Amino acid sequence: MSDVFLLGAGFSKAVSDDMPLLQELSSQIRGRLSDLPESLSTVGDNIEIWLSYLSQPHPWLRESENLRNRALALDITEEIKKVLDEKEQLAVLDECPSWLLTLTQHWHKNQAGVISLNYDTLVERAAGKISTGQRQDSHLCAEHLYPVKFTLSTRRDAVVPGPEVADSFTLFKLHGSTNWYYSGASESTGEVIYYSHIEGWVANSSRESNSKQEVSDKVTLIVPPTTEKVGFFQHESLKRIWTQALSSLRTATRLFIIGYSLPMTDLAVRLFLHDGALVSDRKKELYIVNRDSSVIDHYTKLLGKAFDIKDEFVGDKAIERFVEKVEDL
């Protein structure tokens, strides 16, 4: 695998301005929940820190308080899903951006590794517009992309044939997804993870609604991007996704990071990227694709010893300029 692409929240924001960045999403969640602990106000509008704090037991709290915190963390997770689902439905009312189709086709043609830190399913929706070439009406679907075989929600009570195999890109969603579901239990090591159907670049699909209804008793699988992920990573499938993503990164000759600012809170991803660069006998090229030019110094400070950092796609219309040249790089 020659190239790996890593996607952050800025990628989804570039797809549609309706998609919220972290602070926007956090502010909307705060407005929807009235029972957030007063202590969370000290860290501002940052749902990643909220989830990290609430999902872990703390020695200064009674067990009943820790359990209430964990319940609230699950409530926040469900609100995140609701907000992102609503914003996605707005996003797909517009045509899929041409640059996104071009990039998705590039990933498909080159069987790239795509590491996403986003919860939304915009990549899966864009992939739904790409023909597999096997039949005239055959297109990519989520099941073609995920590196681990989850169970489609509509197959909980019956054996249903899966889609045809498609040689395409692999989508490693390290932080979970709004269409992945589990029990919500703190001990979930070997349980089945279900995913709901993604119709494609369409709004208000009845097939999607029916698929979600099949897992109405489940909890959305969202992993907060913080260092305290131990409880979530007990699950074998999630560990396997991270392991395969690391293998993909290590064998890549180049890494393209699109719309991700490498926040200090996500220490796990920073160390993950360092580990992915260690195998090469020379520095691996890392292309930053970001409209914020201030990230150059940030990346150089945190990853400059591990990667040869390229900044030609930083600044105004960064993603559009990158997609225009991606085939020639």
# chains A, B, ... in the order shown; residues from 1 in each chain; ligands from 1
>>> closest_atom_pairs(of="segment 22-124 of chain A", to="segment 164-184 of chain A", cutoff="8 Å", atoms="only C-alpha atoms", output="Markdown table")
| residue | atom | partner | partner_atom | distance |
| --- | --- | --- | --- | --- |
| A:Leu74 | CA | A:Gly184 | CA | 7.4 |
| A:Lys81 | CA | A:Thr178 | CA | 5.5 |
| A:Leu84 | CA | A:Thr178 | CA | 7.7 |
| A:Asp85 | CA | A:Thr178 | CA | 7.6 |
| A:Trp107 | CA | A:Phe169 | CA | 5.4 |
| A:His108 | CA | A:Ser168 | CA | 4.5 |
| A:Lys109 | CA | A:Ser168 | CA | 6.7 |
| A:Asn110 | CA | A:Phe169 | CA | 7.2 |
| A:Gln111 | CA | A:Phe169 | CA | 4.1 |
| A:Ala112 | CA | A:Phe169 | CA | 4.7 |
| A:Gly113 | CA | A:Thr170 | CA | 5.2 |
| A:Val114 | CA | A:Leu171 | CA | 4.9 |
| A:Ile115 | CA | A:Phe172 | CA | 4.7 |
| A:Ser116 | CA | A:Lys173 | CA | 4.8 |
| A:Leu117 | CA | A:His175 | CA | 5.6 |
| A:Asn118 | CA | A:His175 | CA | 6.7 |
| A:Tyr119 | CA | A:Ser177 | CA | 4.3 |
| A:Asp120 | CA | A:Thr178 | CA | 5.8 |
| A:Thr121 | CA | A:Thr178 | CA | 7.1 |
>>> write_last_selection(atoms="N, CA, C and O atoms", output="compact mmCIF listing (two decimals), in the first residue's frame")
# COMPACT_ATOMS: atom_id res chain seq x y z
N LEU A 74 -22.91 8.06 28.09
CA LEU A 74 -23.68 7.38 27.06
C LEU A 74 -24.75 8.30 26.48
O LEU A 74 -25.03 8.27 25.28
N LYS A 81 -24.58 11.54 18.11
CA LYS A 81 -25.12 10.84 16.95
C LYS A 81 -26.29 11.62 16.35
O LYS A 81 -26.38 11.79 15.12
N LEU A 84 -25.03 14.80 14.53
CA LEU A 84 -24.31 14.50 13.29
C LEU A 84 -25.24 13.90 12.23
O LEU A 84 -25.09 14.19 11.03
N ASP A 85 -26.20 13.09 12.65
CA ASP A 85 -27.18 12.56 11.70
C ASP A 85 -27.98 13.70 11.07
O ASP A 85 -28.22 13.71 9.86
N TRP A 107 -8.97 6.97 -4.20
CA TRP A 107 -8.78 5.96 -3.15
C TRP A 107 -9.17 4.57 -3.67
O TRP A 107 -8.46 3.60 -3.44
N HIS A 108 -10.31 4.51 -4.35
CA HIS A 108 -10.82 3.24 -4.85
C HIS A 108 -9.85 2.63 -5.87
O HIS A 108 -9.48 1.45 -5.77
N LYS A 109 -9.42 3.43 -6.81
CA LYS A 109 -8.54 2.94 -7.89
C LYS A 109 -7.21 2.44 -7.34
O LYS A 109 -6.66 1.44 -7.82
N ASN A 110 -6.69 3.12 -6.32
CA ASN A 110 -5.37 2.79 -5.77
C ASN A 110 -5.43 1.92 -4.52
O ASN A 110 -4.39 1.64 -3.92
N GLN A 111 -6.65 1.51 -4.13
CA GLN A 111 -6.84 0.68 -2.94
C GLN A 111 -6.07 1.26 -1.75
O GLN A 111 -5.30 0.58 -1.07
N ALA A 112 -6.30 2.53 -1.52
CA ALA A 112 -5.58 3.28 -0.49
C ALA A 112 -6.05 2.89 0.91
O ALA A 112 -7.11 2.29 1.10
N GLY A 113 -5.25 3.27 1.88
CA GLY A 113 -5.67 3.17 3.27
C GLY A 113 -6.18 4.52 3.71
O GLY A 113 -5.48 5.53 3.57
N VAL A 114 -7.39 4.58 4.23
CA VAL A 114 -8.00 5.85 4.66
C VAL A 114 -8.32 5.74 6.15
O VAL A 114 -9.17 4.95 6.55
N ILE A 115 -7.60 6.50 6.95
CA ILE A 115 -7.80 6.49 8.40
C ILE A 115 -8.64 7.70 8.77
O ILE A 115 -8.24 8.84 8.53
N SER A 116 -9.81 7.46 9.31
CA SER A 116 -10.71 8.56 9.66
C SER A 116 -10.82 8.70 11.17
O SER A 116 -11.01 7.72 11.88
N LEU A 117 -10.72 9.94 11.65
CA LEU A 117 -10.93 10.25 13.06
C LEU A 117 -12.32 10.84 13.27
O LEU A 117 -12.64 11.32 14.36
N ASN A 118 -13.15 10.80 12.24
CA ASN A 118 -14.49 11.37 12.29
C ASN A 118 -15.53 10.31 12.59
O ASN A 118 -15.35 9.13 12.25
N TYR A 119 -16.65 10.74 13.19
CA TYR A 119 -17.74 9.82 13.52
C TYR A 119 -18.75 9.71 12.38
O TYR A 119 -19.51 8.74 12.31
N ASP A 120 -18.82 10.70 11.51
CA ASP A 120 -19.86 10.75 10.49
C ASP A 120 -19.60 9.73 9.38
O ASP A 120 -18.55 9.09 9.33
N THR A 121 -20.58 9.60 8.48
CA THR A 121 -20.49 8.60 7.42
C THR A 121 -20.48 9.24 6.03
O THR A 121 -20.96 8.67 5.06
>>> select_by_dssp(residues="segment 53-194 of chain A", states="strand (DSSP E)", output="PyMOL selection string")
chain A and resi 113-116+151-152+170-173+176-182+194
>>> residues_around(residues="Glu79 of chain A", least_positions_apart="4", cutoff="8 Å", atoms="only C-alpha atoms", output="list of chain:residue names")
A:Ile29, A:Arg32, A:Asp75, A:Val83
>>> closest_residue(among="A:Tyr53, A:Phe11, A:Trp99, A:Phe256", to="Val323 of chain A", atoms="only C-alpha atoms")
A:Trp99
>>> residues_around(residues="Leu140 of chain A", least_positions_apart="5", cutoff="12 Å", atoms="only C-alpha atoms", output="MDAnalysis selection string")
chainID A and resid 104:105 108 123:135 145:146 163:170 198:201
>>> write_last_selection(atoms="C-alpha atoms", output="PDB file, in the first residue's frame")
ATOM      1  CA  THR A 104     -12.923   8.844  -3.393  1.00  0.00           C
ATOM      2  CA  GLN A 105     -12.377   7.497  -6.906  1.00  0.00           C
ATOM      3  CA  HIS A 108     -10.817   3.236  -4.850  1.00  0.00           C
ATOM      4  CA  VAL A 123     -17.022   8.939   3.209  1.00  0.00           C
ATOM      5  CA  GLU A 124     -19.311   5.911   3.070  1.00  0.00           C
ATOM      6  CA  ARG A 125     -21.965   8.016   1.350  1.00  0.00           C
ATOM      7  CA  ALA A 126     -19.517   9.287  -1.256  1.00  0.00           C
ATOM      8  CA  ALA A 127     -18.305   5.729  -1.826  1.00  0.00           C
ATOM      9  CA  GLY A 128     -21.903   4.782  -2.609  1.00  0.00           C
ATOM     10  CA  LYS A 129     -21.561   6.773  -5.831  1.00  0.00           C
ATOM     11  CA  ILE A 130     -18.526   4.776  -7.009  1.00  0.00           C
ATOM     12  CA  SER A 131     -19.197   1.824  -9.308  1.00  0.00           C
ATOM     13  CA  THR A 132     -17.402  -1.419  -8.495  1.00  0.00           C
ATOM     14  CA  GLY A 133     -17.401  -2.314 -12.186  1.00  0.00           C
ATOM     15  CA  GLN A 134     -18.878  -5.746 -11.487  1.00  0.00           C
ATOM     16  CA  ARG A 135     -22.402  -4.916 -12.616  1.00  0.00           C
ATOM     17  CA  LEU A 145     -14.706  -0.607   3.136  1.00  0.00           C
ATOM     18  CA  TYR A 146     -14.475  -1.645   6.787  1.00  0.00           C
ATOM     19  CA  PRO A 163     -22.406  -7.827  -0.925  1.00  0.00           C
ATOM     20  CA  GLU A 164     -20.050  -8.891  -3.659  1.00  0.00           C
ATOM     21  CA  VAL A 165     -16.359  -8.526  -2.842  1.00  0.00           C
ATOM     22  CA  ALA A 166     -14.916  -5.266  -4.156  1.00  0.00           C
ATOM     23  CA  ASP A 167     -11.247  -4.312  -4.450  1.00  0.00           C
ATOM     24  CA  SER A 168     -11.333  -0.811  -3.042  1.00  0.00           C
ATOM     25  CA  PHE A 169      -9.931   1.438  -0.342  1.00  0.00           C
ATOM     26  CA  THR A 170     -10.030   0.396   3.313  1.00  0.00           C
ATOM     27  CA  ILE A 198     -25.789   3.746   4.510  1.00  0.00           C
ATOM     28  CA  GLU A 199     -27.845   4.325   1.381  1.00  0.00           C
ATOM     29  CA  GLY A 200     -25.473   6.723  -0.340  1.00  0.00           C
ATOM     30  CA  TRP A 201     -25.670  10.447  -1.112  1.00  0.00           C
TER      31      TRP A 201
END
>>> residues_around(residues="Ser16 of chain A", least_positions_apart="5", cutoff="10 Å", atoms="only C-alpha atoms", output="list in words")
Gly10, Phe11, Lys87, Glu88, Leu90, Ala91, Val92, Asp94, Cys96, Pro97 and Leu122 of chain A
>>> atom_distance(atom1="atom CA of Ile76 of chain A", atom2="atom CA of Leu100 of chain A")
29.7 Å
>>> residues_around(residues="Gly44 of chain A", least_positions_apart="6", cutoff="10 Å", atoms="only C-alpha atoms", output="list of chain:residue names")
A:Gln23, A:Ser26, A:Ser27, A:Trp50
>>> residues_around(residues="Gln89 of chain A", least_positions_apart="6", cutoff="8 Å", atoms="only C-alpha atoms", output="VMD selection string")
chain A and resid 202 to 204
>>> write_last_selection(atoms="N, CA and C atoms", output="short mmCIF file (atom, residue, chain, number, x, y, z; two decimals), in the first residue's frame")
data_model
loop_
_atom_site.label_atom_id
_atom_site.label_comp_id
_atom_site.auth_asym_id
_atom_site.auth_seq_id
_atom_site.Cartn_x
_atom_site.Cartn_y
_atom_site.Cartn_z
N VAL A 202 -27.97 10.36 -0.38
CA VAL A 202 -29.41 10.66 -0.43
C VAL A 202 -29.88 11.01 0.98
N ALA A 203 -30.97 11.75 1.04
CA ALA A 203 -31.53 12.15 2.33
C ALA A 203 -32.80 11.36 2.64
N ASN A 204 -33.04 11.14 3.94
CA ASN A 204 -34.30 10.54 4.42
C ASN A 204 -34.62 9.20 3.76
#
>>> select_by_dssp(residues="segment 99-313 of chain A", states="helix (DSSP H, G or I)", output="ChimeraX atom specification")
/A:99-110,122-127,142-145,153-155,206-213,232-234,236-251,267-277,295-303
>>> atom_distance(atom1="atom CA of Leu25 of chain A", atom2="atom CA of Val295 of chain A")
21.3 Å
>>> atom_distance(atom1="atom CA of Thr77 of chain A", atom2="atom CA of Ile241 of chain A")
20.5 Å
>>> closest_residue(among="A:Leu267, A:Met19, A:Leu93, A:Ala245", to="Ser205 of chain A", atoms="only C-alpha atoms")
A:Leu93
>>> closest_residue(among="A:Glu143, A:Glu63, A:Glu187, A:Glu327", to="His235 of chain A", atoms="only C-alpha atoms")
A:Glu187
